[in-house]
Each structure stands twice: as C-alpha cells, then as structure tokens.
$ cat target.txt   # compact mmCIF, C-alpha atoms and all ligand atoms
# COMPACT_ATOMS: atom_id res chain seq x y z
CA MET A 242 0.00 0.00 0.00
CA ALA A 243 1.32 3.42 -0.94
CA LEU A 244 1.33 6.28 1.54
CA ALA A 245 1.58 9.96 0.60
CA LEU A 246 2.98 12.64 2.90
CA ASN A 247 1.42 15.64 1.22
CA ASN A 248 1.86 19.40 1.59
CA GLY A 249 4.75 19.37 4.05
CA LYS A 250 8.22 20.85 4.06
CA ALA A 251 10.94 18.22 3.95
CA PHE A 252 14.64 18.47 4.63
CA ILE A 253 16.14 17.71 1.22
CA ASN A 254 19.56 18.64 -0.18
CA GLY A 255 20.55 20.57 2.91
CA ARG A 256 17.42 22.67 3.36
CA LEU A 257 13.73 22.62 4.08
CA GLU A 258 11.67 22.73 0.90
CA ALA A 259 8.04 22.20 -0.02
CA ALA A 260 7.75 18.53 -0.90
CA ASN A 261 5.30 15.69 -1.27
CA ILE A 262 6.63 12.23 -0.54
CA LEU A 263 5.26 8.96 -1.87
CA ILE A 264 6.17 5.88 0.14
CA SER A 265 5.77 2.29 -0.97
CA ASN A 266 7.36 -0.99 0.10
CA GLY A 267 9.12 0.79 2.94
CA LYS A 268 10.98 3.14 0.59
CA ILE A 269 10.69 6.72 -0.55
CA GLU A 270 9.41 6.04 -4.06
CA LYS A 271 8.96 9.57 -5.32
CA ILE A 272 9.40 13.17 -4.18
CA SER A 273 7.28 15.68 -6.03
CA GLU A 274 6.33 19.35 -6.03
CA THR A 275 2.68 18.45 -6.38
CA PRO A 276 0.66 16.40 -3.89
CA PHE A 277 0.05 12.75 -4.66
CA GLY A 278 -3.60 11.98 -5.31
CA THR A 279 -4.96 8.63 -6.35
CA ARG A 280 -1.56 6.92 -6.53
CA ALA A 281 -1.61 6.62 -2.77
CA GLU A 282 -4.20 4.64 -0.84
CA LYS A 283 -3.36 6.56 2.33
CA GLU A 284 -2.47 10.18 2.92
CA ILE A 285 -1.05 12.16 5.82
CA ASP A 286 -1.61 15.87 5.40
CA CYS A 287 1.64 17.51 6.51
CA ARG A 288 0.54 21.12 6.06
CA GLY A 289 2.51 23.28 8.50
CA LYS A 290 4.74 20.34 9.42
CA ILE A 291 8.38 19.61 8.75
CA ILE A 292 9.65 16.21 7.69
CA LEU A 293 13.16 15.16 8.68
CA PRO A 294 15.09 11.94 8.24
CA GLY A 295 14.71 9.83 11.39
CA ALA A 296 17.59 10.04 13.82
CA ILE A 297 20.24 7.32 13.65
CA ASP A 298 21.23 7.01 17.27
CA CYS A 299 24.57 5.26 17.08
CA HIS A 300 25.05 4.89 20.83
CA VAL A 301 22.38 3.22 22.96
CA HIS A 302 22.31 0.66 25.78
CA PHE A 303 19.11 -1.36 25.45
CA ARG A 304 20.42 -3.76 28.11
CA CYS A 305 19.50 -7.13 26.54
CA PRO A 306 20.43 -9.73 27.50
CA GLY A 307 21.01 -9.55 31.21
CA PHE A 308 19.61 -6.25 32.40
CA GLU A 309 16.06 -6.35 31.03
CA TYR A 310 14.81 -4.74 34.23
CA LYS A 311 16.57 -1.53 33.09
CA GLU A 312 15.39 -1.66 29.44
CA ASP A 313 14.46 -4.13 26.72
CA TRP A 314 13.78 -3.98 23.02
CA VAL A 315 10.07 -3.22 23.51
CA SER A 316 10.53 -0.30 25.90
CA GLY A 317 13.68 0.82 24.09
CA SER A 318 11.94 0.80 20.71
CA LEU A 319 8.99 2.76 22.07
CA ALA A 320 11.36 5.30 23.58
CA ALA A 321 13.20 5.56 20.26
CA LEU A 322 9.98 6.09 18.29
CA HIS A 323 8.78 8.67 20.82
CA GLY A 324 11.99 10.62 20.33
CA GLY A 325 12.15 10.31 16.53
CA ALA A 326 14.99 7.78 16.36
CA THR A 327 14.42 5.22 13.62
CA THR A 328 17.74 3.34 13.85
CA VAL A 329 19.78 2.46 16.91
CA MET A 330 23.21 0.96 17.44
CA ASP A 331 23.39 -1.03 20.64
CA MET A 332 26.43 -1.29 22.88
CA PRO A 333 28.09 -4.54 23.98
CA ASN A 334 28.16 -4.09 27.79
CA THR A 335 25.32 -6.51 28.36
CA ARG A 336 25.39 -9.81 30.31
CA PRO A 337 27.04 -11.68 28.70
CA PRO A 338 29.01 -8.95 26.98
CA THR A 339 28.96 -9.20 23.18
CA LEU A 340 32.38 -10.70 22.50
CA THR A 341 31.81 -13.76 20.33
CA VAL A 342 30.00 -14.62 17.11
CA LYS A 343 27.64 -16.70 19.27
CA ASP A 344 26.87 -13.77 21.63
CA PHE A 345 26.32 -11.55 18.63
CA GLY A 346 23.97 -14.06 16.98
CA GLU A 347 21.93 -14.66 20.13
CA LYS A 348 21.66 -10.96 20.87
CA THR A 349 20.60 -10.25 17.28
CA ALA A 350 17.89 -12.91 17.55
CA LEU A 351 16.63 -11.36 20.79
CA ALA A 352 16.51 -7.89 19.31
CA LYS A 353 14.81 -9.10 16.11
CA LYS A 354 11.94 -10.53 18.14
CA SER A 355 10.88 -7.21 19.62
CA ALA A 356 12.62 -4.28 17.93
CA ALA A 357 10.32 -1.81 16.20
CA VAL A 358 13.23 0.26 14.92
CA ASN A 359 16.20 -0.63 12.71
CA PHE A 360 19.20 -1.73 14.68
CA SER A 361 22.70 -3.01 14.59
CA LEU A 362 24.91 -4.28 17.37
CA PHE A 363 28.44 -3.48 18.41
CA MET A 364 30.95 -6.15 19.30
CA GLY A 365 33.09 -5.44 22.34
CA PHE A 366 36.87 -5.95 22.48
CA ASP A 367 38.63 -7.61 25.40
CA GLY A 368 42.02 -8.16 23.81
CA GLY A 369 41.38 -11.84 23.17
CA ASN A 370 38.50 -11.88 20.69
CA LEU A 371 40.08 -10.63 17.46
CA GLN A 372 39.19 -13.85 15.64
CA GLU A 373 35.58 -13.56 16.72
CA ILE A 374 35.42 -9.97 15.49
CA SER A 375 37.03 -11.03 12.25
CA ALA A 376 34.52 -13.85 11.72
CA CYS A 377 31.41 -11.86 12.66
CA GLN A 378 29.09 -11.32 9.72
CA GLY A 379 27.16 -8.07 9.42
CA LEU A 380 29.32 -6.24 11.95
CA ARG A 381 29.73 -2.49 11.43
CA ALA A 382 31.62 -1.40 14.49
CA VAL A 383 33.57 -2.46 17.57
CA LYS A 384 33.33 -0.67 20.90
CA VAL A 385 36.40 -0.28 23.09
CA TYR A 386 36.33 0.94 26.67
CA TYR A 387 39.83 2.38 26.97
CA GLY A 388 38.92 3.15 30.57
CA ALA A 389 36.46 1.04 32.57
CA SER A 390 32.86 2.15 32.78
CA THR A 391 29.49 0.74 33.84
CA ASN A 392 29.68 -3.06 33.50
CA SER A 393 32.75 -2.92 31.28
CA ASN A 394 36.47 -3.42 31.84
CA ALA A 395 39.32 -1.23 30.65
CA MET A 396 41.18 -2.23 27.49
CA ASP A 397 44.20 0.00 27.19
CA SER A 398 46.98 -2.27 25.98
CA PRO A 399 48.61 -0.51 22.99
CA GLU A 400 49.69 -3.86 21.50
CA SER A 401 46.14 -5.24 21.55
CA LEU A 402 44.66 -2.01 20.27
CA GLU A 403 47.11 -1.89 17.41
CA LYS A 404 46.02 -5.39 16.38
CA LEU A 405 42.38 -4.33 16.55
CA PHE A 406 43.00 -1.17 14.55
CA THR A 407 44.81 -3.24 11.91
CA LEU A 408 41.90 -5.67 11.66
CA ALA A 409 39.45 -2.76 11.49
CA MET A 410 41.47 -1.31 8.62
CA GLN A 411 41.34 -4.61 6.74
CA LYS A 412 37.65 -5.20 7.37
CA ASN A 413 36.47 -1.61 7.09
CA LEU A 414 35.10 -1.64 10.63
CA VAL A 415 34.66 1.48 12.73
CA VAL A 416 36.38 1.38 16.12
CA VAL A 417 34.33 3.39 18.60
CA LEU A 418 36.23 4.56 21.63
CA HIS A 419 35.18 5.36 25.14
CA ALA A 420 38.23 7.55 25.65
CA GLU A 421 39.01 7.86 29.35
CA ASP A 422 42.29 6.96 31.01
CA GLU A 423 41.98 4.38 33.77
CA ALA A 424 45.16 5.43 35.62
CA GLU A 425 44.01 9.06 35.89
CA ILE A 426 40.56 7.98 37.12
CA LYS A 427 42.02 5.61 39.74
CA LYS A 428 44.42 8.29 40.97
CA ASN A 429 41.55 10.76 41.38
CA GLU A 430 39.35 8.19 43.10
CA GLU A 431 42.04 7.79 45.75
CA LYS A 432 42.46 11.53 46.11
CA PHE A 433 38.76 12.26 46.55
CA ARG A 434 37.75 9.07 48.38
CA ALA A 435 36.28 11.05 51.32
CA GLU A 436 33.90 13.14 49.21
CA LYS A 437 30.26 12.16 49.03
CA GLU A 438 28.67 14.75 46.75
CA PRO A 439 27.98 13.60 43.15
CA ALA A 440 29.68 16.76 41.85
CA VAL A 441 33.00 15.06 42.65
CA HIS A 442 32.42 12.99 39.52
CA THR A 443 33.80 15.86 37.43
CA LYS A 444 37.00 15.86 39.48
CA ILE A 445 37.43 12.11 39.22
CA ARG A 446 36.61 11.76 35.54
CA ASN A 447 38.28 15.05 34.67
CA ASP A 448 39.40 16.40 31.33
CA ALA A 449 42.88 14.94 31.80
CA ALA A 450 41.28 11.47 31.86
CA GLU A 451 39.82 12.25 28.44
CA THR A 452 42.87 13.92 26.91
CA ASN A 453 45.34 11.27 28.13
CA ALA A 454 43.29 8.63 26.35
CA ILE A 455 42.76 10.62 23.16
CA ARG A 456 46.49 11.34 22.87
CA VAL A 457 47.40 7.65 22.91
CA LEU A 458 44.58 6.63 20.61
CA VAL A 459 45.19 9.17 17.85
CA CYS A 460 48.89 8.25 17.91
CA LEU A 461 48.01 4.61 17.32
CA GLN A 462 45.50 5.47 14.63
CA GLU A 463 48.08 7.60 12.87
CA LYS A 464 50.18 4.49 12.29
CA ILE A 465 47.34 2.51 10.76
CA GLY A 466 44.76 4.86 9.29
CA ASN A 467 41.66 2.96 10.41
CA LYS A 468 38.28 4.49 11.08
CA LEU A 469 38.22 5.77 14.64
CA HIS A 470 35.10 7.31 16.17
CA PHE A 471 35.33 9.00 19.56
CA ALA A 472 32.12 8.52 21.54
CA HIS A 473 30.70 11.20 23.85
CA ILE A 474 33.44 13.84 23.81
CA SER A 475 32.97 15.89 26.96
CA SER A 476 35.77 18.44 27.28
CA LYS A 477 37.11 21.47 25.47
CA LYS A 478 40.64 20.08 25.62
CA GLY A 479 39.52 16.69 24.33
CA LEU A 480 37.79 18.29 21.38
CA GLU A 481 40.85 20.40 20.64
CA LEU A 482 42.99 17.27 20.40
CA ILE A 483 40.51 15.63 18.04
CA LYS A 484 40.36 18.74 15.87
CA LYS A 485 44.12 18.59 15.58
CA ALA A 486 44.12 14.86 14.82
CA LYS A 487 41.54 15.39 12.08
CA LYS A 488 44.11 17.49 10.26
CA GLY A 489 46.69 14.66 10.28
CA GLN A 490 47.59 12.24 7.52
CA PHE A 491 44.70 9.85 8.22
CA GLY A 492 42.60 12.48 9.94
CA ARG A 493 39.67 12.00 7.60
CA ALA A 494 39.13 8.59 9.19
CA ILE A 495 38.68 10.22 12.62
CA THR A 496 35.19 11.28 13.70
CA CYS A 497 33.58 12.15 17.00
CA GLU A 498 30.25 12.49 18.71
CA ALA A 499 28.73 14.49 21.55
CA THR A 500 25.71 13.62 23.66
CA PRO A 501 22.81 15.86 24.70
CA ASN A 502 23.94 15.28 28.29
CA HIS A 503 27.20 17.13 27.66
CA LEU A 504 25.61 19.69 25.31
CA PHE A 505 22.62 20.67 27.44
CA LEU A 506 23.88 20.13 31.00
CA ASP A 507 26.97 21.21 32.88
CA SER A 508 28.41 20.71 36.37
CA LYS A 509 25.74 22.95 37.91
CA ALA A 510 23.29 20.08 37.31
CA TYR A 511 24.78 17.92 40.09
CA LYS A 512 23.38 20.18 42.77
CA LYS A 513 19.80 19.71 41.65
CA MET A 514 19.92 16.21 40.23
CA GLY A 515 22.78 14.44 41.98
CA ASN A 516 23.47 10.95 40.68
CA LEU A 517 20.75 11.24 38.04
CA VAL A 518 23.33 13.13 35.98
CA LYS A 519 26.25 10.89 36.91
CA CYS A 520 27.53 9.50 33.62
CA ASN A 521 30.83 8.53 32.06
CA PRO A 522 32.55 10.60 30.86
CA SER A 523 31.35 13.14 33.41
CA ILE A 524 29.37 16.26 32.64
CA LYS A 525 31.90 19.05 32.91
CA SER A 526 32.09 22.85 33.22
CA SER A 527 30.04 25.46 31.36
CA ALA A 528 33.22 26.35 29.41
CA ASP A 529 33.44 22.74 28.22
CA ARG A 530 29.77 22.78 27.30
CA LYS A 531 30.23 26.00 25.35
CA ALA A 532 33.18 24.50 23.44
CA LEU A 533 31.08 21.45 22.53
CA TRP A 534 28.37 23.70 21.09
CA GLU A 535 30.93 25.61 19.06
CA GLY A 536 32.33 22.30 17.83
CA LEU A 537 28.89 21.02 16.89
CA ILE A 538 27.97 24.20 15.06
CA ALA A 539 31.30 24.26 13.20
CA GLY A 540 31.10 20.57 12.25
CA ASP A 541 34.13 19.52 14.29
CA ILE A 542 31.73 17.27 16.14
CA ASP A 543 30.34 14.96 13.49
CA SER A 544 27.38 13.42 15.22
CA VAL A 545 25.11 13.56 18.22
CA ALA A 546 24.15 10.30 19.90
CA SER A 547 22.10 9.85 23.04
CA ASP A 548 24.27 7.33 24.94
CA HIS A 549 20.90 6.20 26.24
CA ALA A 550 22.01 4.42 29.42
CA PRO A 551 19.04 3.67 31.66
CA HIS A 552 19.30 2.57 35.27
CA THR A 553 16.49 2.31 37.80
CA LEU A 554 15.70 5.18 40.15
CA GLU A 555 16.45 2.86 43.04
CA GLU A 556 19.97 2.31 41.72
CA LYS A 557 20.43 6.02 41.12
CA LYS A 558 19.31 6.85 44.66
CA LYS A 559 22.31 5.07 46.17
CA GLY A 560 25.27 7.09 47.41
CA TYR A 561 27.69 8.62 44.90
CA TRP A 562 30.20 5.77 45.04
CA GLU A 563 27.59 3.05 44.59
CA ALA A 564 25.20 4.62 42.07
CA PRO A 565 25.79 3.45 38.47
CA SER A 566 26.77 5.91 35.75
CA GLY A 567 24.44 6.51 32.83
CA ILE A 568 21.52 8.71 31.79
CA PRO A 569 18.52 7.73 29.63
CA GLY A 570 18.20 10.05 26.64
CA ILE A 571 16.92 8.60 23.41
CA GLU A 572 13.50 10.21 23.86
CA THR A 573 14.81 13.69 24.35
CA MET A 574 17.78 13.82 21.97
CA LEU A 575 16.12 14.90 18.74
CA PRO A 576 13.47 17.06 20.49
CA LEU A 577 16.23 19.01 22.31
CA LEU A 578 18.13 19.53 19.06
CA ILE A 579 15.02 20.56 17.12
CA ASP A 580 14.16 23.01 19.89
CA ALA A 581 17.68 24.46 19.68
CA ALA A 582 17.30 24.86 15.90
CA LEU A 583 13.86 26.46 16.15
CA ARG A 584 15.31 28.93 18.67
CA ASN A 585 18.17 29.68 16.25
CA LYS A 586 20.90 28.31 18.51
CA ILE A 587 22.02 26.04 15.68
CA ALA A 588 21.06 25.63 12.01
CA MET A 589 18.55 22.87 11.27
CA GLN A 590 21.01 21.67 8.67
CA ARG A 591 23.58 20.91 11.38
CA VAL A 592 20.94 19.09 13.43
CA VAL A 593 20.05 16.84 10.51
CA GLU A 594 23.69 16.27 9.63
CA ALA A 595 24.60 15.36 13.19
CA SER A 596 21.63 13.17 13.98
CA SER A 597 21.04 11.45 10.62
CA GLU A 598 23.40 12.13 7.74
CA ARG A 599 26.79 11.74 9.39
CA PRO A 600 25.85 8.67 11.46
CA ALA A 601 24.63 7.04 8.22
CA GLU A 602 27.90 7.87 6.48
CA ILE A 603 30.19 6.93 9.35
CA PHE A 604 28.53 3.60 10.09
CA GLY A 605 27.65 2.63 6.54
CA TRP A 606 23.86 2.81 6.52
CA ALA A 607 23.75 3.06 2.74
CA SER A 608 20.04 3.79 2.25
CA LYS A 609 19.41 5.84 5.36
CA GLY A 610 20.02 9.27 6.80
CA PHE A 611 18.72 11.33 3.89
CA ILE A 612 15.33 12.04 2.33
CA ARG A 613 15.97 10.78 -1.19
CA GLU A 614 14.11 8.70 -3.74
CA GLY A 615 15.01 5.04 -3.29
CA PHE A 616 16.04 5.55 0.36
CA ASP A 617 14.31 3.89 3.33
CA ALA A 618 11.19 5.67 4.52
CA ASP A 619 12.61 6.35 8.00
CA LEU A 620 11.19 9.77 8.74
CA VAL A 621 9.85 12.05 11.44
CA ILE A 622 6.99 14.49 11.07
CA VAL A 623 7.42 17.47 13.36
CA ASP A 624 5.00 20.23 14.25
CA PRO A 625 7.38 23.19 14.60
CA LYS A 626 4.75 25.37 16.28
CA ARG A 627 3.70 22.96 18.95
CA LYS A 628 5.32 23.37 22.35
CA PHE A 629 5.46 20.63 24.92
CA THR A 630 6.95 19.86 28.29
CA VAL A 631 9.23 16.88 28.87
CA GLU A 632 7.53 14.87 31.58
CA ASN A 633 8.91 11.82 33.36
CA ALA A 634 5.45 10.27 33.41
CA ARG A 635 5.23 10.33 29.61
CA LEU A 636 8.52 8.58 28.95
CA PHE A 637 8.66 5.04 27.62
CA THR A 638 12.10 4.15 28.97
CA LYS A 639 11.92 1.81 31.94
CA ALA A 640 14.16 4.27 33.78
CA GLY A 641 11.15 6.58 34.06
CA TYR A 642 13.12 9.79 34.49
CA SER A 643 14.99 12.35 32.45
CA PRO A 644 17.32 15.13 33.56
CA PHE A 645 15.27 17.27 31.18
CA ASN A 646 12.02 16.67 33.06
CA GLY A 647 10.07 19.93 33.08
CA TRP A 648 11.92 21.49 30.13
CA LYS A 649 9.61 23.29 27.73
CA LEU A 650 10.52 22.52 24.14
CA LYS A 651 9.42 23.85 20.81
CA GLY A 652 8.76 21.42 17.96
CA PHE A 653 6.84 18.23 18.65
CA VAL A 654 7.69 14.89 17.04
CA GLU A 655 4.16 13.94 15.99
CA LYS A 656 4.85 10.85 14.00
CA THR A 657 7.81 8.59 13.40
CA LEU A 658 7.95 6.36 10.32
CA VAL A 659 10.14 3.27 10.22
CA GLY A 660 10.33 1.65 6.81
CA GLY A 661 7.05 3.39 5.98
CA ALA A 662 5.24 2.05 9.08
CA VAL A 663 3.68 4.96 10.96
CA TYR A 664 3.89 5.36 14.74
CA GLY A 665 2.15 8.17 16.59
O1 LIG A 701 27.58 6.63 31.84
C1 LIG A 701 27.73 5.60 31.21
N1 LIG A 701 26.83 4.60 31.26
N2 LIG A 701 28.84 5.45 30.49
C2 LIG A 701 29.18 4.27 29.94
O2 LIG A 701 30.23 4.17 29.38
C3 LIG A 701 28.30 3.10 30.08
C4 LIG A 701 26.93 3.51 30.38
C5 LIG A 701 26.06 2.39 30.85
O3 LIG A 701 26.08 1.32 30.23
O4 LIG A 701 25.32 2.58 31.81
ZN ZN A 702 27.60 4.39 26.31

$ encode --input "target.txt" --output "structure tokens"
Amino acid sequence: MALALNNGKAFINGRLEAANILISNGKIEKISETPFGTRAEKEIDCRGKIILPGAIDCHVHFRCPGFEYKEDWVSGSLAALHGGATTVMDMPNTRPPTLTVKDFGEKTALAKKSAAVNFSLFMGFDGGNLQEISACQGLRAVKVYYGASTNSNAMDSPESLEKLFTLAMQKNLVVVLHAEDEAEIKKNEEKFRAEKEPAVHTKIRNDAAETNAIRVLVCLQEKIGNKLHFAHISSKKGLELIKKAKKGQFGRAITCEATPNHLFLDSKAYKKMGNLVKCNPSIKSSADRKALWEGLIAGDIDSVASDHAPHTLEEKKKGYWEAPSGIPGIETMLPLLIDAALRNKIAMQRVVEASSERPAEIFGWASKGFIREGFDADLVIVDPKRKFTVENARLFTKAGYSPFNGWKLKGFVEKTLVGGAVYG
C-alpha cells in the first residue's frame, strides 16, 4: 500500500523545501512538487509540518540480555519512536558482553523478536576476541572501553589495540572509543575518596582522563589509518585534540560524537539532580559545554548520539560511590536539538547532519540518513509550532526519568515512520 505525505516541508539537499513524498514498500518512491492523489491509498496531510530523516542514534544501551529490568527492546523501541529515532546501534556491555559470534547471533535474535526500529549491534573488544570480530558477519563497528565504565572493563593495551586497529582497517570496521584513562581515574578516586557529593564525579573523571586517552589513541590510529570514532566527547581540551588529529595524515578517518547530556547540561546540574546526571565521561564545566556547542555548530563534532544508558531510580538513589553511571536520553535527543534549531541556537542543517546524515555515512547505513528517492522511509513528522513539556510520566524508557524533566521545548515529534510504518 502506498502512503503519501502531502503538503509538508521536507529536509532535502541541505534545506527545508516544499515537498510531497510517496512511500511504498518501505521506501521513498517519489518526491514531487505536487501532492500525490490517487496513486496513494493513504495520505497524511503535513501542512505546516516539517519532515526530517529519522535520527540514527549510534550509541544506545538497550540492556538485553542480562539487564532487562533496566530496558528491553520493547521499551527501548517505544522510547526511540517517541523521540524520533528510527535506527539504533546497541552497545556490547550486556550480560554476557557481546564478545563472540555466538553472543552476537543470540543478541541479534533477541533484538529481532521485539525491535520496532532498525538496529545493529556493536561487538566489544577484550584483547582476546580478534578472531571472533574477524569472523562476525554483518558487523559495522567495535566498541572499546579504553577506561572502565558501567559493567565494562578497561582495554588500554597498545599492542592489543594496534592489532584491533589493523583488523578494522582490513575489514572496514569502525572502532568506537570510550576515551578515558583508567590510571588518571584511579588516581583521582584515591584523592577524593572522602567526598560524598555527586559533583565530585567531574574531578574524578576530569578532562585529563579524556585527553590522556585521546592522545594515545590518535597516535596509534596515525600508524594505521583505520576508522576511529570518539564517543561522547565531553571536554574542550579533548575536542581540541581531536580537531588537531583530524588534520593529520589519516585524519579523515577520525570522527567524533557528543551527547545531549554534555551539550545541554553542565556541572551545575549535580546540585539539583545528583546521581541522576552521573555519567561517564562526566558532565563538565560550562566552558566545556560551550566549546562542545561551538564544535557542533562548526562541524568539528560529526554526530550527536544519546548514549541512552538507563538505570532504575532505586539504583540512582544510592550514594555517589555506589550509584551506576548513565543517563537515559533517546526520547529527548532529537526534540532538544530541534528546539535548539527552532530557537536559532544552531542551524537545522547541522541538526540533521549530526543526527542522521553523518551517522549514516560513518557507520555505513547506505540507504538511510537522507530524504531521497530510493532511500528507506525512516522519517519524522514534526510540528514546529507545537510546544510541549518533557515529563517523566510520559517517557517510555523503563528508567522513568529524564534530567530534562520539566523542560519546555518547541517542535513536537508527531509521527515517526520506520520503513514506511507509521507510529504516533
Ligand atoms: O555513563 C555511562 N553509562 N557510560 C558508559 O560508558 C556506560 C553507560 C552504561 O552502560 O550505563
Ligand atoms: Zn555508552
């Protein structure tokens, strides 16, 4: 059955233009200046609405298998649809962690059963599973925790990383890095052991933790030239190092992402929200936040990903040292960015590039990320005039809270289409 999105403005070729979109068999069949009439059995009138490519959220933790009480593919998918994300890339720090072809296959089967959005899975790297990574079919990317984080061990051996980077080069895999230096974190944990306030997180996971890691990693990448994507960059100094590395010999293979947590919150948030905003890498100063915005606007930051990392409120209510790191965010990522664009903080073009186009290019989603004939009909329909308030009670994530609870945003994601199927 064909579906027409008539009379809207769609983001095509870098700008919003009047467009009518005909969808059939899950694809964008035709884009026309005139509305589709009888060729479509179903029509959505998009007058006054804007149509964007769905977000490709290349950093989520949907927690299956092992931590289904925090999230699963049903709740995670609903959260994704609610926030306008049509594709997600799921991290390997599950139980068991995704380290073998078998883990990868079983996890894929689990996700396939319940996912309502497109997905792909990361493999993890523990230094001993190169053969498994090499043999894994359909793998796009490998995640490395250079420093330990929630339910994941550190992997900072230069010899092992060099082997992984070499394999990634051969197999055209993206290596995604959680770039924090374990030694720096451990040193700071000792130093601040007596502190109890969550704000200490910024002193423990400080910018030196990030820059120490980035320095080593770009040096290694420079020898090999593989694709290296830095997840959740959080500091001004870290971003400066990446900007420099991007100018190097193989700098075009280096990309980086920022999260809404680091773009929309800074260290002031600990006072009000405590461990709810404890995440790794930490949320840092307002100067760091400002630098991330400048980097996003300038295109030094390639993509925005949510790092959707849900934990229960009960877990988050523990003391600083016990509470797990991670913030849910897939439902608020695109709405926050759209709001910023509608308030002229950033161009809509940069929002679409960072949330759809660049993730598609970096991770090889060949028919996604753009509104083009022949591409997948993964779209969001937004009412740019409608304002709404982020409310914990309306969220689909099992976490049930957001640090953005109570924020008033402009631009409402009314409908999300995944392969032409309409939600909302
Ligand atoms: O804050 C974080 N939470 N950072 C990570 O690296 C992992 C994540 C999680 O899985 O909860
Ligand atoms: Zn993460």

$ atom_distance --input "target.txt" --atom1 "CA of Ala243 in chain A" --atom2 "CA of Gly665 in chain A"
18.2 Å

$ residues_near_ligand --input "target.txt" --ligand "ligand ZN 702 (chain A)" --cutoff "10 Å" --atoms "only C-alpha atoms and all ligand atoms" --output "PyMOL selection string"
chain A and resi 299-302+331-334+384+386+390-391+418-419+472-473+500+520-522+546-550+566-568

$ closest_residue --input "target.txt" --among "A:Ala245, A:Ile603, A:Ala352, A:Leu293" --to "Val416 in chain A" --atoms "all atoms listed in the file"
A:Ile603

$ atom_distance --input "target.txt" --atom1 "CA of Lys290 in chain A" --atom2 "CA of Met589 in chain A"
14.2 Å

$ residues_around --input "target.txt" --residues "Pro338 in chain A" --least-positions-apart "5" --cutoff "12 Å" --atoms "only C-alpha atoms" --output "VMD selection string"
chain A and resid 302 304 to 308 331 to 333 343 to 345 347 to 348 362 to 367 370 384 391 to 394

$ closest_residue --input "target.txt" --among "A:Ile465, A:Thr553, A:Leu578, A:Asn646" --to "Leu504 in chain A" --atoms "only C-alpha atoms"
A:Leu578

$ closest_residue --input "target.txt" --among "A:Leu246, A:Leu322, A:Ala494, A:Val415" --to "Arg288 in chain A" --atoms "only C-alpha atoms"
A:Leu246

$ decode --input "target.txt" --residues "range 267-273 of chain A" --atoms "all heavy atoms" --output "short mmCIF file (atom, residue, chain, number, x, y, z; two decimals), in the first residue's frame"
data_model
loop_
_atom_site.label_atom_id
_atom_site.label_comp_id
_atom_site.auth_asym_id
_atom_site.auth_seq_id
_atom_site.Cartn_x
_atom_site.Cartn_y
_atom_site.Cartn_z
N GLY A 267 8.15 0.35 1.93
CA GLY A 267 9.12 0.79 2.94
C GLY A 267 10.11 1.82 2.45
O GLY A 267 10.97 2.26 3.20
N LYS A 268 9.99 2.20 1.17
CA LYS A 268 10.98 3.14 0.59
C LYS A 268 10.33 4.46 0.19
O LYS A 268 9.12 4.51 -0.03
CB LYS A 268 11.59 2.52 -0.67
CG LYS A 268 12.25 1.19 -0.47
CD LYS A 268 13.71 1.38 -0.17
CE LYS A 268 14.40 0.05 0.02
NZ LYS A 268 15.67 0.14 0.68
N ILE A 269 11.16 5.46 0.03
CA ILE A 269 10.69 6.72 -0.55
C ILE A 269 10.69 6.50 -2.07
O ILE A 269 11.74 6.40 -2.69
CB ILE A 269 11.63 7.88 -0.17
CG1 ILE A 269 11.63 8.06 1.35
CG2 ILE A 269 11.23 9.16 -0.90
CD1 ILE A 269 12.70 9.00 1.88
N GLU A 270 9.48 6.37 -2.62
CA GLU A 270 9.41 6.04 -4.06
C GLU A 270 9.60 7.29 -4.90
O GLU A 270 10.32 7.30 -5.88
CB GLU A 270 8.07 5.37 -4.37
CG GLU A 270 7.97 4.88 -5.80
CD GLU A 270 6.60 4.31 -6.14
OE1 GLU A 270 6.04 3.54 -5.32
OE2 GLU A 270 6.07 4.66 -7.21
N LYS A 271 8.92 8.37 -4.48
CA LYS A 271 8.96 9.57 -5.32
C LYS A 271 8.84 10.82 -4.45
O LYS A 271 8.12 10.83 -3.46
CB LYS A 271 7.79 9.48 -6.31
CG LYS A 271 7.76 10.49 -7.41
CD LYS A 271 7.94 9.82 -8.80
CE LYS A 271 8.31 10.84 -9.86
NZ LYS A 271 9.72 11.18 -9.89
N ILE A 272 9.55 11.86 -4.85
CA ILE A 272 9.40 13.17 -4.18
C ILE A 272 8.95 14.13 -5.26
O ILE A 272 9.55 14.21 -6.33
CB ILE A 272 10.74 13.63 -3.57
CG1 ILE A 272 11.24 12.60 -2.53
CG2 ILE A 272 10.57 15.01 -2.92
CD1 ILE A 272 12.63 12.85 -2.00
N SER A 273 7.86 14.85 -4.97
CA SER A 273 7.28 15.68 -6.03
C SER A 273 6.88 17.06 -5.50
O SER A 273 6.66 17.25 -4.31
CB SER A 273 6.06 14.94 -6.60
OG SER A 273 5.11 15.83 -7.09
#
